[in-house]
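Structure file upload08.pdb (PDB, C-alpha atoms, pLDDT in the B column) follows.
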ATOM      1  CA  MET A   1       9.596 -29.548  20.841  1.00 77.00           C
ATOM      2  CA  ASN A   2       9.907 -27.981  24.271  1.00 89.00           C
ATOM      3  CA  TRP A   3      13.637 -28.781  24.367  1.00 91.00           C
ATOM      4  CA  LEU A   4      14.141 -26.707  21.221  1.00 86.00           C
ATOM      5  CA  ARG A   5      12.377 -23.726  22.818  1.00 86.00           C
ATOM      6  CA  ARG A   6      14.554 -24.047  25.902  1.00 88.00           C
ATOM      7  CA  PHE A   7      17.686 -24.386  23.770  1.00 87.00           C
ATOM      8  CA  MET A   8      16.915 -21.288  21.674  1.00 84.00           C
ATOM      9  CA  TYR A   9      15.894 -19.144  24.647  1.00 88.00           C
ATOM     10  CA  GLY A  10      18.145 -16.064  24.764  1.00 87.00           C
ATOM     11  CA  ARG A  11      19.689 -16.789  21.376  1.00 88.00           C
ATOM     12  CA  TYR A  12      19.431 -14.474  18.379  1.00 89.00           C
ATOM     13  CA  GLY A  13      17.650 -16.723  15.882  1.00 88.00           C
ATOM     14  CA  GLY A  14      17.069 -16.004  12.224  1.00 89.00           C
ATOM     15  CA  ASP A  15      16.958 -12.652  10.455  1.00 91.00           C
ATOM     16  CA  PRO A  16      17.181 -11.314   6.865  1.00 92.00           C
ATOM     17  CA  LEU A  17      20.993 -11.279   6.879  1.00 94.00           C
ATOM     18  CA  GLY A  18      20.989 -14.925   7.934  1.00 93.00           C
ATOM     19  CA  LEU A  19      18.585 -15.736   5.123  1.00 94.00           C
ATOM     20  CA  VAL A  20      20.873 -14.021   2.603  1.00 94.00           C
ATOM     21  CA  LEU A  21      23.864 -15.915   4.003  1.00 95.00           C
ATOM     22  CA  CYS A  22      22.018 -19.226   3.606  1.00 95.00           C
ATOM     23  CA  ALA A  23      21.008 -18.330   0.035  1.00 96.00           C
ATOM     24  CA  LEU A  24      24.602 -17.337  -0.720  1.00 96.00           C
ATOM     25  CA  GLY A  25      25.807 -20.638   0.718  1.00 96.00           C
ATOM     26  CA  LEU A  26      23.340 -22.544  -1.462  1.00 97.00           C
ATOM     27  CA  LEU A  27      24.393 -20.612  -4.575  1.00 96.00           C
ATOM     28  CA  LEU A  28      28.075 -21.221  -3.860  1.00 96.00           C
ATOM     29  CA  ALA A  29      27.382 -24.930  -3.220  1.00 96.00           C
ATOM     30  CA  LEU A  30      25.617 -25.219  -6.567  1.00 96.00           C
ATOM     31  CA  LEU A  31      28.450 -23.430  -8.336  1.00 96.00           C
ATOM     32  CA  SER A  32      31.047 -25.629  -6.635  1.00 95.00           C
ATOM     33  CA  ALA A  33      29.148 -28.737  -7.721  1.00 94.00           C
ATOM     34  CA  LEU A  34      28.931 -27.372 -11.268  1.00 95.00           C
ATOM     35  CA  PHE A  35      32.589 -26.379 -11.566  1.00 93.00           C
ATOM     36  CA  GLY A  36      34.117 -28.797  -9.045  1.00 91.00           C
ATOM     37  CA  SER A  37      35.892 -25.986  -7.220  1.00 91.00           C
ATOM     38  CA  LEU A  38      37.182 -26.602  -3.716  1.00 94.00           C
ATOM     39  CA  ILE A  39      37.414 -22.850  -3.021  1.00 95.00           C
ATOM     40  CA  LEU A  40      33.711 -22.345  -3.792  1.00 95.00           C
ATOM     41  CA  ARG A  41      32.833 -25.306  -1.584  1.00 95.00           C
ATOM     42  CA  LEU A  42      34.853 -23.839   1.303  1.00 96.00           C
ATOM     43  CA  CYS A  43      33.218 -20.418   0.828  1.00 96.00           C
ATOM     44  CA  SER A  44      29.825 -22.122   0.847  1.00 96.00           C
ATOM     45  CA  MET A  45      30.618 -23.898   4.098  1.00 96.00           C
ATOM     46  CA  ALA A  46      31.924 -20.647   5.609  1.00 97.00           C
ATOM     47  CA  ALA A  47      28.636 -18.904   4.751  1.00 96.00           C
ATOM     48  CA  TYR A  48      26.655 -21.739   6.375  1.00 95.00           C
ATOM     49  CA  VAL A  49      28.845 -21.755   9.495  1.00 96.00           C
ATOM     50  CA  TYR A  50      28.576 -17.984   9.906  1.00 95.00           C
ATOM     51  CA  CYS A  51      24.785 -18.167   9.432  1.00 94.00           C
ATOM     52  CA  LEU A  52      24.563 -20.878  12.098  1.00 94.00           C
ATOM     53  CA  PHE A  53      26.866 -18.924  14.408  1.00 95.00           C
ATOM     54  CA  ARG A  54      24.631 -15.854  14.088  1.00 94.00           C
ATOM     55  CA  MET A  55      21.469 -17.873  14.790  1.00 93.00           C
ATOM     56  CA  LEU A  56      22.892 -19.523  17.906  1.00 93.00           C
ATOM     57  CA  SER A  57      24.642 -16.435  19.254  1.00 93.00           C
ATOM     58  CA  ARG A  58      23.609 -15.016  22.619  1.00 93.00           C
ATOM     59  CA  ASN A  59      25.130 -11.615  21.809  1.00 93.00           C
ATOM     60  CA  THR A  60      21.895 -10.210  20.391  1.00 91.00           C
ATOM     61  CA  TYR A  61      23.082  -6.601  20.449  1.00 94.00           C
ATOM     62  CA  ARG A  62      26.007  -7.372  18.136  1.00 95.00           C
ATOM     63  CA  ARG A  63      23.837  -9.450  15.772  1.00 93.00           C
ATOM     64  CA  GLN A  64      21.260  -6.627  15.590  1.00 94.00           C
ATOM     65  CA  ARG A  65      24.045  -4.180  14.729  1.00 95.00           C
ATOM     66  CA  GLU A  66      25.228  -6.509  11.940  1.00 95.00           C
ATOM     67  CA  ASN A  67      21.676  -6.724  10.611  1.00 94.00           C
ATOM     68  CA  GLN A  68      21.313  -2.912  10.707  1.00 95.00           C
ATOM     69  CA  TRP A  69      24.602  -2.556   8.818  1.00 96.00           C
ATOM     70  CA  PHE A  70      23.302  -5.027   6.231  1.00 95.00           C
ATOM     71  CA  PHE A  71      20.068  -3.050   5.773  1.00 93.00           C
ATOM     72  CA  HIS A  72      22.048   0.186   5.541  1.00 95.00           C
ATOM     73  CA  LYS A  73      24.094  -1.292   2.676  1.00 94.00           C
ATOM     74  CA  ILE A  74      21.249  -3.092   0.865  1.00 93.00           C
ATOM     75  CA  THR A  75      18.565  -0.361   1.034  1.00 93.00           C
ATOM     76  CA  PRO A  76      20.025   1.754  -1.819  1.00 92.00           C
ATOM     77  CA  LEU A  77      20.096  -1.337  -4.045  1.00 93.00           C
ATOM     78  CA  ILE A  78      16.463  -2.133  -3.240  1.00 92.00           C
ATOM     79  CA  ARG A  79      15.435   1.481  -3.864  1.00 90.00           C
ATOM     80  CA  TRP A  80      17.353   1.520  -7.172  1.00 91.00           C
ATOM     81  CA  GLY A  81      15.640  -1.710  -8.253  1.00 93.00           C
ATOM     82  CA  LYS A  82      12.167  -0.393  -7.403  1.00 93.00           C
ATOM     83  CA  LEU A  83      12.818   2.862  -9.278  1.00 89.00           C
ATOM     84  CA  GLY A  84      14.086   0.942 -12.306  1.00 91.00           C
ATOM     85  CA  LYS A  85      10.984  -1.255 -12.264  1.00 94.00           C
ATOM     86  CA  LYS A  86       8.713   1.787 -12.030  1.00 92.00           C
ATOM     87  CA  GLN A  87      10.550   3.515 -14.891  1.00 91.00           C
ATOM     88  CA  PHE A  88      10.249   0.386 -17.018  1.00 93.00           C
ATOM     89  CA  GLU A  89       6.510   0.124 -16.351  1.00 93.00           C
ATOM     90  CA  ASP A  90       5.972   3.829 -17.189  1.00 91.00           C
ATOM     91  CA  ARG A  91       8.253   3.927 -20.229  1.00 89.00           C
ATOM     92  CA  LYS A  92       5.402   4.460 -22.729  1.00 93.00           C
ATOM     93  CA  ASN A  93       3.787   7.429 -20.978  1.00 93.00           C
ATOM     94  CA  TYR A  94       6.521   9.128 -18.947  1.00 94.00           C
ATOM     95  CA  ARG A  95      10.198  10.055 -18.986  1.00 92.00           C
ATOM     96  CA  TYR A  96      12.338  10.318 -15.891  1.00 92.00           C
ATOM     97  CA  PHE A  97      14.985  12.969 -15.404  1.00 92.00           C
ATOM     98  CA  THR A  98      17.412  13.661 -12.596  1.00 91.00           C
ATOM     99  CA  CYS A  99      17.684  17.170 -11.181  1.00 92.00           C
ATOM    100  CA  PRO A 100      21.219  18.443 -11.864  1.00 91.00           C
ATOM    101  CA  HIS A 101      21.248  20.367  -8.592  1.00 90.00           C
ATOM    102  CA  CYS A 102      20.008  17.895  -5.957  1.00 90.00           C
ATOM    103  CA  GLY A 103      19.728  14.525  -7.760  1.00 87.00           C
ATOM    104  CA  GLN A 104      15.945  14.160  -7.248  1.00 90.00           C
ATOM    105  CA  HIS A 105      14.194  11.971  -9.849  1.00 89.00           C
ATOM    106  CA  VAL A 106      11.420  13.826 -11.689  1.00 92.00           C
ATOM    107  CA  ARG A 107       8.732  12.178 -13.828  1.00 91.00           C
ATOM    108  CA  VAL A 108       7.363  14.157 -16.805  1.00 92.00           C
ATOM    109  CA  PRO A 109       4.862  13.207 -19.534  1.00 92.00           C
ATOM    110  CA  ARG A 110       6.330  11.878 -22.744  1.00 91.00           C
ATOM    111  CA  GLY A 111       5.933  13.660 -26.084  1.00 88.00           C
ATOM    112  CA  LYS A 112       5.512  17.270 -24.909  1.00 88.00           C
ATOM    113  CA  GLY A 113       8.601  18.584 -26.708  1.00 89.00           C
ATOM    114  CA  LYS A 114      11.032  20.873 -24.917  1.00 91.00           C
ATOM    115  CA  ILE A 115       9.729  21.554 -21.422  1.00 91.00           C
ATOM    116  CA  ARG A 116      10.794  23.514 -18.382  1.00 92.00           C
ATOM    117  CA  ILE A 117      10.970  21.280 -15.328  1.00 92.00           C
ATOM    118  CA  ILE A 118      10.903  22.609 -11.775  1.00 91.00           C
ATOM    119  CA  CYS A 119      12.375  20.222  -9.251  1.00 92.00           C
ATOM    120  CA  PRO A 120       9.856  19.552  -6.453  1.00 91.00           C
ATOM    121  CA  LYS A 121      12.638  19.204  -3.889  1.00 92.00           C
ATOM    122  CA  CYS A 122      14.966  22.167  -4.488  1.00 92.00           C
ATOM    123  CA  LYS A 123      12.821  24.295  -6.857  1.00 90.00           C
ATOM    124  CA  GLN A 124      15.685  24.443  -9.387  1.00 90.00           C
ATOM    125  CA  GLU A 125      14.590  24.918 -13.030  1.00 91.00           C
ATOM    126  CA  PHE A 126      16.041  22.962 -15.925  1.00 90.00           C
ATOM    127  CA  ILE A 127      14.973  22.407 -19.531  1.00 88.00           C
ATOM    128  CA  LYS A 128      14.759  18.979 -21.124  1.00 89.00           C
ATOM    129  CA  LYS A 129      13.163  17.434 -24.195  1.00 87.00           C
ATOM    130  CA  SER A 130      10.478  14.909 -23.309  1.00 79.00           C
TER     131      SER A 130
END
Kindly return the structure encoded in the file as structure tokens.
Amino acid sequence: MNWLRRFMYGRYGGDPLGLVLCALGLLLALLSALFGSLILRLCSMAAYVYCLFRMLSRNTYRRQRENQWFFHKITPLIRWGKLGKKQFEDRKNYRYFTCPHCGQHVRVPRGKGKIRIICPKCKQEFIKKS
């Protein structure tokens, strides 16, 4: 086990982008087995090779930058998914509206008729039916 520690010393190792690349490789491998596609199999192998390259790389600064870029791109999707889940859970008691001025999401009680909503971010007023 000590040889593995010595081998990995100074190398980047695993991170969330590497995990996504491995999951993508597995998905592409399953699809290639299902459809018998050589292109999917090659894409799967490319994802695995790039994941392994990132883990064994000694250029940690570059790998950290790649991981930051990945988080910068994936964060809006995660935020959108969490908001959608929250809206689905609250669908019986609340309605969600988007401020036409700044795009802020505003939650209002359901069944109050026509109401005047004041955006908490930009203080813009708009009227909606809840």
(request) Specify as a ChimeraX atom specification each residue included when the PyMOL selection byres ((chain A and resi 115-124) around 8) is applied to this file. (result) /A:99,101-102,104,106,112-114,125-130
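Of the listed residues A:Met1, A:Val108, A:Met8, A:Leu26, the one whose atoms come nearest to Ala46 in chain A is A:Leu26, with distances taken using only C-alpha atoms.
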Please give the centre and size of the box around range 78-81 of chain A (axis-aligned, containing every atom listed in the file, 3 Å added per side), with values in Å to one decimal and written as lines of an AutoDock Vina configuration file.
center_x = 16.4
center_y = -0.3
center_z = -5.7
size_x = 7.9
size_y = 9.7
size_z = 11.0
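Across the structure, CA of Gly14 in chain A and CA of Pro76 in chain A are spaced 22.8 Å apart.
Between CA of Tyr9 in chain A and CA of Ser57 in chain A there is a distance of 10.6 Å.
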(request) Just give me the gap between CA of Leu19 in chain A and CA of Ser32 in chain A in Å, one decimal is fine. (result) 19.8 Å
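Once the PyMOL selection byres ((chain A and resi 29) around 12) is applied to this file, the selection holds Cys22, Ala23, Leu24, Gly25, Leu26, Leu27, Leu28, Leu30, Leu31, Ser32, Ala33, Leu34, Phe35, Gly36, Ser37, Leu38, Ile39, Leu40, Arg41, Leu42, Cys43, Ser44, Met45, Ala46, Ala47 and Tyr48 of chain A.
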